[in-house]
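> Compact mmCIF, C-alpha atoms, file query_30.txt:
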```txt
# COMPACT_ATOMS: atom_id res chain seq x y z
CA MET B 16 38.28 314.19 54.92
CA SER B 17 38.33 316.45 57.97
CA ALA B 18 40.12 319.79 57.81
CA ASP B 19 42.42 318.58 60.57
CA LYS B 20 43.38 315.39 58.72
CA LYS B 21 44.03 317.41 55.57
CA ASP B 22 46.21 319.82 57.54
CA ILE B 23 48.21 316.97 59.10
CA GLU B 24 48.69 315.21 55.75
CA GLU B 25 49.16 318.13 53.41
CA GLY B 26 49.98 321.12 55.61
CA LEU B 27 53.39 322.53 56.47
CA SER B 28 53.02 322.63 60.26
CA PHE B 29 55.13 320.06 62.04
CA ARG B 30 52.76 318.36 64.48
CA PRO B 31 54.48 315.11 65.47
CA LYS B 32 52.01 312.64 66.95
CA PHE B 33 53.44 310.81 69.95
CA ASN B 34 51.82 307.50 70.85
CA GLU B 35 50.14 306.56 74.13
CA GLU B 36 53.63 306.10 75.65
CA GLY B 37 54.64 309.59 74.51
CA LEU B 38 56.98 308.21 71.83
CA ILE B 39 57.39 308.53 68.08
CA PRO B 40 59.35 305.91 66.10
CA VAL B 41 62.36 307.13 64.15
CA VAL B 42 63.98 305.34 61.21
CA THR B 43 67.59 306.50 61.09
CA VAL B 44 69.16 306.36 57.64
CA ASP B 45 72.73 306.87 56.42
CA ALA B 46 72.54 310.12 54.43
CA ALA B 47 75.23 308.93 52.02
CA SER B 48 74.04 305.40 51.18
CA ASN B 49 70.39 305.60 52.32
CA GLU B 50 70.97 302.39 54.31
CA VAL B 51 68.60 302.01 57.25
CA LEU B 52 70.92 302.07 60.26
CA MET B 53 68.50 301.65 63.16
CA VAL B 54 64.94 302.16 64.33
CA ALA B 55 64.41 303.71 67.77
CA ASN B 56 62.07 306.08 69.61
CA MET B 57 62.06 309.72 70.60
CA ASN B 58 59.89 311.42 73.16
CA ALA B 59 59.19 315.15 72.88
CA ALA B 60 62.33 316.01 74.87
CA ALA B 61 64.56 313.79 72.70
CA LEU B 62 63.16 315.35 69.53
CA ALA B 63 63.68 318.86 70.93
CA GLU B 64 67.28 317.98 71.88
CA THR B 65 67.92 316.48 68.45
CA LEU B 66 66.65 319.66 66.78
CA ARG B 67 68.59 321.90 69.17
CA THR B 68 71.95 320.08 69.05
CA GLY B 69 71.86 318.45 65.62
CA LYS B 70 72.91 315.16 67.24
CA GLY B 71 70.73 312.03 67.12
CA THR B 72 69.13 311.80 70.57
CA TYR B 73 66.61 309.12 71.50
CA TYR B 74 64.54 307.94 74.42
CA SER B 75 65.49 304.60 75.91
CA ARG B 76 62.51 302.74 77.31
CA SER B 77 64.69 300.17 79.05
CA ARG B 78 66.76 302.84 80.79
CA GLY B 79 63.92 305.37 81.13
CA LYS B 80 66.02 308.31 79.94
CA LEU B 81 67.32 310.32 77.00
CA TRP B 82 70.17 308.76 75.14
CA VAL B 83 72.58 310.65 72.89
CA LYS B 84 73.67 308.10 70.30
CA GLY B 85 77.44 307.65 70.48
CA GLU B 86 77.78 309.30 73.91
CA GLN B 87 79.72 306.28 75.12
CA SER B 88 81.06 304.77 71.89
CA GLY B 89 81.91 307.97 70.03
CA HIS B 90 79.77 306.61 67.18
CA GLU B 91 77.58 309.67 67.00
CA GLN B 92 75.07 310.90 64.45
CA LYS B 93 75.09 314.33 62.86
CA VAL B 94 71.59 315.11 61.63
CA VAL B 95 71.26 316.05 57.95
CA GLU B 96 67.46 316.22 57.76
CA ILE B 97 64.34 314.94 59.48
CA LEU B 98 61.42 313.79 57.34
CA VAL B 99 57.90 313.14 58.60
CA ASP B 100 55.28 310.81 57.15
CA CYS B 101 51.77 311.59 55.92
CA ASP B 102 50.01 311.18 59.27
CA GLN B 103 52.96 312.60 61.23
CA ASP B 104 53.35 309.59 63.51
CA CYS B 105 56.77 308.44 62.24
CA LEU B 106 60.06 310.13 61.38
CA VAL B 107 62.93 309.34 59.01
CA MET B 108 66.16 310.94 60.17
CA ARG B 109 69.01 311.14 57.67
CA VAL B 110 72.39 311.34 59.38
CA GLN B 111 76.13 311.37 58.88
CA ALA B 112 77.07 308.56 61.22
CA ARG B 113 80.50 307.96 62.64
CA GLY B 114 81.47 304.28 62.89
CA GLY B 115 79.31 301.26 63.51
CA GLN B 116 75.84 302.18 64.68
CA CYS B 117 74.70 298.78 65.96
CA HIS B 118 75.88 297.63 69.39
CA VAL B 119 76.50 294.13 67.97
CA GLY B 120 79.37 295.57 65.90
CA TYR B 121 77.83 296.27 62.49
CA ARG B 122 77.36 299.51 60.56
CA GLY B 123 73.59 299.20 61.01
CA CYS B 124 71.18 296.93 62.88
CA PHE B 125 69.84 295.16 59.78
CA TYR B 126 72.76 292.82 59.08
CA ARG B 127 70.70 289.68 58.47
CA ARG B 128 67.99 288.80 56.00
CA VAL B 129 65.43 286.03 55.72
CA LYS B 130 66.88 283.30 53.52
CA LYS B 131 65.19 282.94 50.13
CA GLY B 132 62.49 280.29 50.24
CA SER B 133 62.63 280.02 54.03
CA SER B 134 60.40 281.42 56.74
CA ASP B 135 62.65 280.66 59.71
CA GLN B 136 66.26 280.92 58.57
CA LEU B 137 68.43 284.00 58.31
CA GLU B 138 71.66 284.72 56.48
CA LEU B 139 74.25 287.39 57.16
CA VAL B 140 74.42 290.33 54.78
CA GLY B 141 76.58 292.66 56.88
CA ARG B 142 80.20 292.55 57.94
CA PRO B 143 81.33 293.54 61.45
CA VAL B 144 83.01 296.95 61.53
CA PHE B 145 84.06 297.12 65.18
CA ASP B 146 84.51 294.97 68.26
CA PRO B 147 81.77 295.76 70.79
CA LYS B 148 83.92 294.54 73.69
CA GLU B 149 86.57 297.14 72.87
CA VAL B 150 84.08 299.94 72.49
CA TYR B 151 81.58 299.23 75.23
CA GLY B 152 83.32 296.83 77.63
CA GLU B 153 80.50 294.83 79.15
CA SER B 154 77.81 297.51 79.18
CA LYS B 155 76.72 297.91 75.52
CA ASP B 156 74.83 301.02 76.52
CA ASP B 157 74.77 302.98 73.32
CA MET S 27 74.84 288.29 77.95
CA SER S 28 72.36 285.39 78.08
CA ALA S 29 72.61 282.56 75.57
CA ASP S 30 69.13 283.47 74.34
CA LYS S 31 70.04 287.13 73.74
CA LYS S 32 73.19 286.05 71.91
CA ASP S 33 71.15 283.67 69.76
CA ILE S 34 68.61 286.38 68.90
CA GLU S 35 71.31 288.93 68.08
CA GLU S 36 73.91 286.76 66.42
CA GLY S 37 72.14 283.55 65.43
CA LEU S 38 70.62 282.60 62.11
CA SER S 39 67.17 281.55 63.33
CA PHE S 40 64.43 283.97 62.35
CA ARG S 41 62.50 284.61 65.57
CA PRO S 42 60.49 287.78 64.94
CA LYS S 43 59.36 289.37 68.19
CA PHE S 44 55.82 290.67 67.97
CA ASN S 45 54.84 293.35 70.48
CA GLU S 46 52.03 293.19 73.06
CA GLU S 47 49.54 293.91 70.23
CA GLY S 48 50.97 291.01 68.20
CA LEU S 49 52.58 293.37 65.69
CA ILE S 50 56.06 294.00 64.32
CA PRO S 51 56.93 297.32 62.63
CA VAL S 52 58.13 297.13 59.03
CA VAL S 53 60.13 299.82 57.23
CA THR S 54 59.45 299.38 53.53
CA VAL S 55 62.24 300.59 51.28
CA ASP S 56 62.49 301.01 47.51
CA ALA S 57 65.01 298.34 46.46
CA ALA S 58 66.31 300.52 43.61
CA SER S 59 66.81 303.86 45.37
CA ASN S 60 66.80 302.75 49.03
CA GLU S 61 64.18 305.47 49.70
CA VAL S 62 61.99 304.73 52.72
CA LEU S 63 58.51 304.39 51.24
CA MET S 64 56.37 303.68 54.29
CA VAL S 65 56.35 302.30 57.81
CA ALA S 66 53.54 299.92 58.75
CA ASN S 67 52.87 296.81 60.85
CA MET S 68 52.60 293.11 60.23
CA ASN S 69 51.08 290.51 62.51
CA ALA S 70 52.20 286.88 62.22
CA ALA S 71 49.60 286.16 59.53
CA ALA S 72 50.63 289.17 57.44
CA LEU S 73 54.28 288.16 57.65
CA ALA S 74 53.43 284.58 56.67
CA GLU S 75 51.38 285.84 53.69
CA THR S 76 54.17 288.18 52.63
CA LEU S 77 56.67 285.30 52.70
CA ARG S 78 54.27 282.95 50.90
CA THR S 79 53.11 285.31 48.14
CA GLY S 80 56.11 287.64 47.79
CA LYS S 81 53.70 290.60 47.95
CA GLY S 82 53.85 293.23 50.71
CA THR S 83 51.01 292.38 53.08
CA TYR S 84 50.37 294.27 56.30
CA TYR S 85 47.97 294.34 59.22
CA SER S 86 45.72 297.37 59.45
CA ARG S 87 44.91 298.29 63.03
CA SER S 88 42.20 300.74 61.97
CA ARG S 89 40.43 298.15 59.82
CA GLY S 90 41.36 295.16 61.98
CA LYS S 91 42.42 293.00 59.04
CA LEU S 92 45.19 291.99 56.65
CA TRP S 93 45.87 294.41 53.88
CA VAL S 94 47.67 293.54 50.65
CA LYS S 95 49.34 296.78 49.60
CA GLY S 96 48.03 297.85 46.20
CA GLU S 97 45.00 295.53 46.29
CA GLN S 98 42.78 298.47 45.45
CA SER S 99 45.18 300.90 43.78
CA GLY S 100 47.27 298.42 41.80
CA HIS S 101 50.33 300.00 43.45
CA GLU S 102 51.64 296.72 44.76
CA GLN S 103 54.97 295.70 46.25
CA LYS S 104 57.08 292.81 45.06
CA VAL S 105 59.35 291.72 47.89
CA VAL S 106 63.08 291.61 47.12
CA GLU S 107 64.34 290.82 50.62
CA ILE S 108 63.37 291.10 54.26
CA LEU S 109 66.00 292.16 56.78
CA VAL S 110 65.68 291.87 60.54
CA ASP S 111 67.37 293.98 63.21
CA CYS S 112 69.64 292.90 66.05
CA ASP S 113 66.91 292.20 68.60
CA GLN S 114 64.49 290.90 65.94
CA ASP S 115 61.69 293.32 66.81
CA CYS S 116 61.74 295.33 63.57
CA LEU S 117 61.92 294.49 59.85
CA VAL S 118 63.21 296.32 56.78
CA MET S 119 61.51 295.08 53.63
CA ARG S 120 63.12 295.99 50.31
CA VAL S 121 60.58 296.00 47.47
CA GLN S 122 60.03 296.74 43.83
CA ALA S 123 57.06 299.06 44.14
CA ARG S 124 54.64 299.90 41.38
CA GLY S 125 53.52 303.54 41.37
CA GLY S 126 52.95 305.89 44.26
CA GLN S 127 52.99 304.12 47.59
CA CYS S 128 51.48 306.86 49.76
CA HIS S 129 47.72 307.40 49.71
CA VAL S 130 48.27 311.18 49.61
CA GLY S 131 49.70 310.79 46.07
CA TYR S 132 53.45 310.64 46.57
CA ARG S 133 55.99 307.92 45.81
CA GLY S 134 56.55 307.43 49.55
CA CYS S 135 55.06 308.74 52.78
CA PHE S 136 58.04 310.92 53.73
CA TYR S 137 57.46 313.83 51.33
CA ARG S 138 58.05 316.61 53.88
CA ARG S 139 60.99 317.55 56.07
CA VAL S 140 61.48 319.80 59.05
CA LYS S 141 62.66 323.19 57.79
CA LYS S 142 66.27 324.00 58.67
CA GLY S 143 66.47 326.05 61.85
CA SER S 144 62.81 325.46 62.68
CA SER S 145 61.11 323.10 65.11
CA ASP S 146 57.56 323.53 63.87
CA GLN S 147 57.65 324.18 60.14
CA LEU S 148 57.85 321.67 57.30
CA GLU S 149 58.80 321.99 53.65
CA LEU S 150 57.89 319.74 50.75
CA VAL S 151 60.62 317.51 49.36
CA GLY S 152 58.45 315.17 47.27
CA ARG S 153 56.43 315.69 44.11
CA PRO S 154 52.97 314.12 43.66
CA VAL S 155 53.04 311.14 41.29
CA PHE S 156 49.32 310.31 41.13
CA ASP S 157 45.92 311.75 41.93
CA PRO S 158 44.44 309.92 44.93
CA LYS S 159 40.88 310.79 43.86
CA GLU S 160 41.36 308.98 40.57
CA VAL S 161 42.92 305.93 42.18
CA TYR S 162 40.91 305.54 45.36
CA GLY S 163 37.75 307.61 44.85
CA GLU S 164 36.79 308.66 48.35
CA SER S 165 37.99 305.61 50.26
CA LYS S 166 41.82 305.90 50.36
CA ASP S 167 41.93 302.39 51.67
CA ASP S 168 45.28 301.21 50.49
```
Could I get this structure in the form of structure tokens?

Amino acid sequence: MSADKKDIEEGLSFRPKFNEEGLIPVVTVDAASNEVLMVANMNAAALAETLRTGKGTYYSRSRGKLWVKGEQSGHEQKVVEILVDCDQDCLVMRVQARGGQCHVGYRGCFYRRVKKGSSDQLELVGRPVFDPKEVYGESKDD
Amino acid sequence: MSADKKDIEEGLSFRPKFNEEGLIPVVTVDAASNEVLMVANMNAAALAETLRTGKGTYYSRSRGKLWVKGEQSGHEQKVVEILVDCDQDCLVMRVQARGGQCHVGYRGCFYRRVKKGSSDQLELVGRPVFDPKEVYGESKDD
């Protein structure tokens, strides 16, 4: 194993590895329940803002800009801790999240599961916690 | 909102969206503790194998082939359920995992966190649970 690989995997320097698009995937987890709320991306600026403000801030590829979660909906994320994986190309961010975190109206984005014994059918496992139309109007932008 | 978008977000058909490389990211979570163990990719064949066998099976970009987690180490994953997110481009797989799931020797890959108040220093939050040299020799291949 190279010294560099060993340093990345076992060292205590934070050296996040952004992909060819300049992004690192982030798994955002409810700090209380450990439920996975969402998976999104940060660029270097979004990560720096998240560390500076303590609020979950991402990079939106579709909108081409930084995106403070909850800016529009009020459903923001207070960062509890940020974990990094062995090869430092993925983050887990544990947050205290206010309200539903998924724009469809659920607490998190993973509100359906593959039905037992099926490969093409889903079943609901979540319950809606807010009405997206009330919160976002027609835009659904955060 | 288009009928197709509504169907993807709110329907009960499983229509996983693979990216331009033919991959979908998978967040693998310990079904007992909800701890995020690892983040990896599946292609369509890996997903089909996972559904068929009930064992966590991924696609390794570096090796260019399917990879049954624990094939070499014995640290395999029994699938409990597979959740899909709103836009169906990411999975959460809840598993019963045998032994350490990270090749560095920890239960999961996220054994370090960014130190409070720092943007470049990490601190350990995990404890090693096995010796990679004993389990993998020099290969560290699963």
> Quick one, how far is atom CA of Ser17 of chain B from atom CA of Glu96 of chain B?
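Rounded to one decimal, the two atoms are 29.1 Å apart.
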> Taking only residues of chain S that have an atom at most 6 Å from an atom of chain B, what is each one's shortest atom pair and its distance in Å to one decimal, using all atoms listed in the file, in chain and number order, as a tab-separated table?

```
residue	atom	partner	partner_atom	distance
S:Leu38	CA	B:Leu137	CA	4.6
S:Ser39	CA	B:Gln136	CA	4.9
S:Phe40	CA	B:Asp135	CA	4.6
S:Asn60	CA	B:Asn49	CA	5.6
S:Ile108	CA	B:Arg128	CA	5.4
S:Leu109	CA	B:Arg128	CA	4.0
S:Val110	CA	B:Phe125	CA	5.4
S:Asp111	CA	B:Phe125	CA	4.4
S:Cys112	CA	B:Cys124	CA	5.4
S:Cys135	CA	B:Asp100	CA	4.8
S:Phe136	CA	B:Asp100	CA	4.4
S:Arg138	CA	B:Leu98	CA	5.6
S:Arg139	CA	B:Leu98	CA	4.0
S:Val140	CA	B:Ile97	CA	5.7
S:Asp146	CA	B:Phe29	CA	4.6
S:Gln147	CA	B:Ser28	CA	4.9
S:Leu148	CA	B:Leu27	CA	4.6
```
> Please indicate the distance in Å from atom CA of Ser99 of chain S to atom CA of Ala123 of chain S, rounded to one decimal place.
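These atoms are spaced 12.0 Å apart.
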> Counting all atoms listed in the file, what is within 9 Å of segment 79-84 of chain S, bar same-chain residues fewer than 5 positions away, as number ranges by chain?
S: 52, 54, 66-69, 71-74, 91-96, 102-106, 119, 121
> May I ask for the distance between atom CA of Gln98 of chain S and atom CA of Glu47 of chain S, given in Å to one decimal place?
26.1 Å
> Counting all atoms listed in the file, which of S:Pro154, S:Val161, S:Gly131, S:Ala70 gets nearest to Glu97 of chain S?
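Nearest candidate to Glu97 of chain S out of S:Pro154, S:Val161, S:Gly131, S:Ala70: S:Val161.
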> Select segment 36-156 of chain S in the preceding structure and write C-alpha atoms to a file as a short mmCIF file (atom, residue, chain, number, x, y, z; two decimals), in the first residue's frame.

```
data_model
loop_
_atom_site.label_atom_id
_atom_site.label_comp_id
_atom_site.auth_asym_id
_atom_site.auth_seq_id
_atom_site.Cartn_x
_atom_site.Cartn_y
_atom_site.Cartn_z
CA GLU S 36 -45.16 8.75 -6.14
CA GLY S 37 -45.84 5.52 -8.01
CA LEU S 38 -45.21 1.96 -6.91
CA SER S 39 -43.25 0.75 -9.94
CA PHE S 40 -39.58 0.18 -9.25
CA ARG S 41 -37.75 2.00 -12.05
CA PRO S 42 -34.17 2.40 -10.85
CA LYS S 43 -32.35 5.10 -12.79
CA PHE S 44 -28.80 4.10 -13.59
CA ASN S 45 -26.38 6.95 -14.36
CA GLU S 46 -24.38 7.47 -17.57
CA GLU S 47 -21.95 4.76 -16.37
CA GLY S 48 -24.86 2.34 -15.84
CA LEU S 49 -24.53 2.54 -12.06
CA ILE S 50 -26.77 3.43 -9.14
CA PRO S 51 -25.28 4.41 -5.75
CA VAL S 52 -26.24 2.26 -2.78
CA VAL S 53 -26.03 3.32 0.87
CA THR S 54 -25.70 0.13 2.90
CA VAL S 55 -27.03 0.41 6.44
CA ASP S 56 -26.87 -1.95 9.42
CA ALA S 57 -30.49 -3.06 9.90
CA ALA S 58 -30.03 -3.34 13.67
CA SER S 59 -28.32 -0.03 14.48
CA ASN S 60 -29.10 1.97 11.32
CA GLU S 61 -25.35 2.79 11.09
CA VAL S 62 -24.21 3.60 7.55
CA LEU S 63 -21.73 0.83 6.77
CA MET S 64 -20.60 1.69 3.25
CA VAL S 65 -21.55 3.44 0.04
CA ALA S 66 -20.93 1.59 -3.23
CA ASN S 67 -22.45 1.09 -6.68
CA MET S 68 -24.59 -1.49 -8.38
CA ASN S 69 -25.14 -1.95 -12.09
CA ALA S 70 -28.32 -3.65 -13.31
CA ALA S 71 -26.72 -7.11 -13.05
CA ALA S 72 -25.54 -6.50 -9.47
CA LEU S 73 -29.00 -5.31 -8.45
CA ALA S 74 -30.62 -8.34 -10.09
CA GLU S 75 -28.17 -10.68 -8.30
CA THR S 76 -28.80 -8.94 -4.98
CA LEU S 77 -32.56 -9.37 -5.42
CA ARG S 78 -32.18 -12.99 -6.55
CA THR S 79 -29.73 -14.18 -3.89
CA GLY S 80 -30.52 -11.84 -0.98
CA LYS S 81 -26.78 -11.16 -0.63
CA GLY S 82 -25.28 -7.68 -1.06
CA THR S 83 -23.69 -7.70 -4.51
CA TYR S 84 -22.06 -4.64 -6.05
CA TYR S 85 -20.23 -3.56 -9.18
CA SER S 86 -16.57 -2.72 -8.75
CA ARG S 87 -15.44 -0.01 -11.14
CA SER S 88 -11.77 -0.60 -10.35
CA ARG S 89 -12.02 -4.33 -11.07
CA GLY S 90 -14.69 -4.02 -13.76
CA LYS S 91 -16.82 -6.84 -12.38
CA LEU S 92 -19.55 -7.89 -9.95
CA TRP S 93 -18.46 -8.25 -6.39
CA VAL S 94 -20.33 -10.25 -3.76
CA LYS S 95 -19.52 -8.50 -0.49
CA GLY S 96 -17.75 -10.92 1.85
CA GLU S 97 -16.91 -13.45 -0.89
CA GLN S 98 -13.31 -13.40 0.25
CA SER S 99 -13.56 -12.22 3.86
CA GLY S 100 -16.71 -14.08 4.88
CA HIS S 101 -18.08 -10.70 6.01
CA GLU S 102 -21.22 -10.99 3.94
CA GLN S 103 -24.46 -9.03 3.91
CA LYS S 104 -27.91 -10.55 4.17
CA VAL S 105 -30.41 -8.13 2.68
CA VAL S 106 -33.33 -7.11 4.90
CA GLU S 107 -34.88 -4.49 2.62
CA ILE S 108 -34.03 -2.16 -0.24
CA LEU S 109 -35.42 1.37 -0.19
CA VAL S 110 -35.44 3.76 -3.12
CA ASP S 111 -35.45 7.55 -3.07
CA CYS S 112 -37.94 9.98 -4.57
CA ASP S 113 -36.35 10.23 -8.01
CA GLN S 114 -35.27 6.57 -7.98
CA ASP S 115 -31.59 7.29 -8.59
CA CYS S 116 -30.27 6.09 -5.23
CA LEU S 117 -30.87 3.06 -2.99
CA VAL S 118 -30.62 2.43 0.74
CA MET S 119 -30.04 -1.25 1.48
CA ARG S 120 -30.62 -2.42 5.04
CA VAL S 121 -28.61 -5.56 5.85
CA GLN S 122 -27.63 -7.98 8.54
CA ALA S 123 -23.87 -7.79 8.17
CA ARG S 124 -21.42 -10.36 9.43
CA GLY S 125 -18.23 -8.86 10.87
CA GLY S 126 -16.34 -5.76 9.85
CA GLN S 127 -17.58 -4.33 6.59
CA CYS S 128 -14.71 -1.94 5.84
CA HIS S 129 -11.48 -3.32 4.40
CA VAL S 130 -9.48 -1.09 6.77
CA GLY S 131 -10.75 -3.20 9.71
CA TYR S 132 -13.74 -1.29 11.03
CA ARG S 133 -17.41 -2.22 11.29
CA GLY S 134 -18.24 0.44 8.67
CA CYS S 135 -16.32 2.81 6.42
CA PHE S 136 -17.24 5.98 8.33
CA TYR S 137 -14.88 5.60 11.30
CA ARG S 138 -13.60 9.20 11.30
CA ARG S 139 -15.31 12.57 11.66
CA VAL S 140 -14.31 16.14 11.02
CA LYS S 141 -13.02 17.60 14.28
CA LYS S 142 -15.29 20.26 15.79
CA GLY S 143 -14.20 23.74 14.77
CA SER S 144 -11.79 22.41 12.16
CA SER S 145 -12.05 22.11 8.38
CA ASP S 146 -9.01 19.91 7.83
CA GLN S 147 -8.59 17.64 10.82
CA LEU S 148 -10.29 14.33 11.55
CA GLU S 149 -10.74 12.31 14.72
CA LEU S 150 -11.42 8.61 15.10
CA VAL S 151 -14.91 7.59 16.16
CA GLY S 152 -14.70 3.87 15.33
CA ARG S 153 -12.74 1.01 16.87
CA PRO S 154 -11.08 -1.68 14.72
CA VAL S 155 -12.99 -4.97 14.81
CA PHE S 156 -10.66 -7.16 12.73
#
```
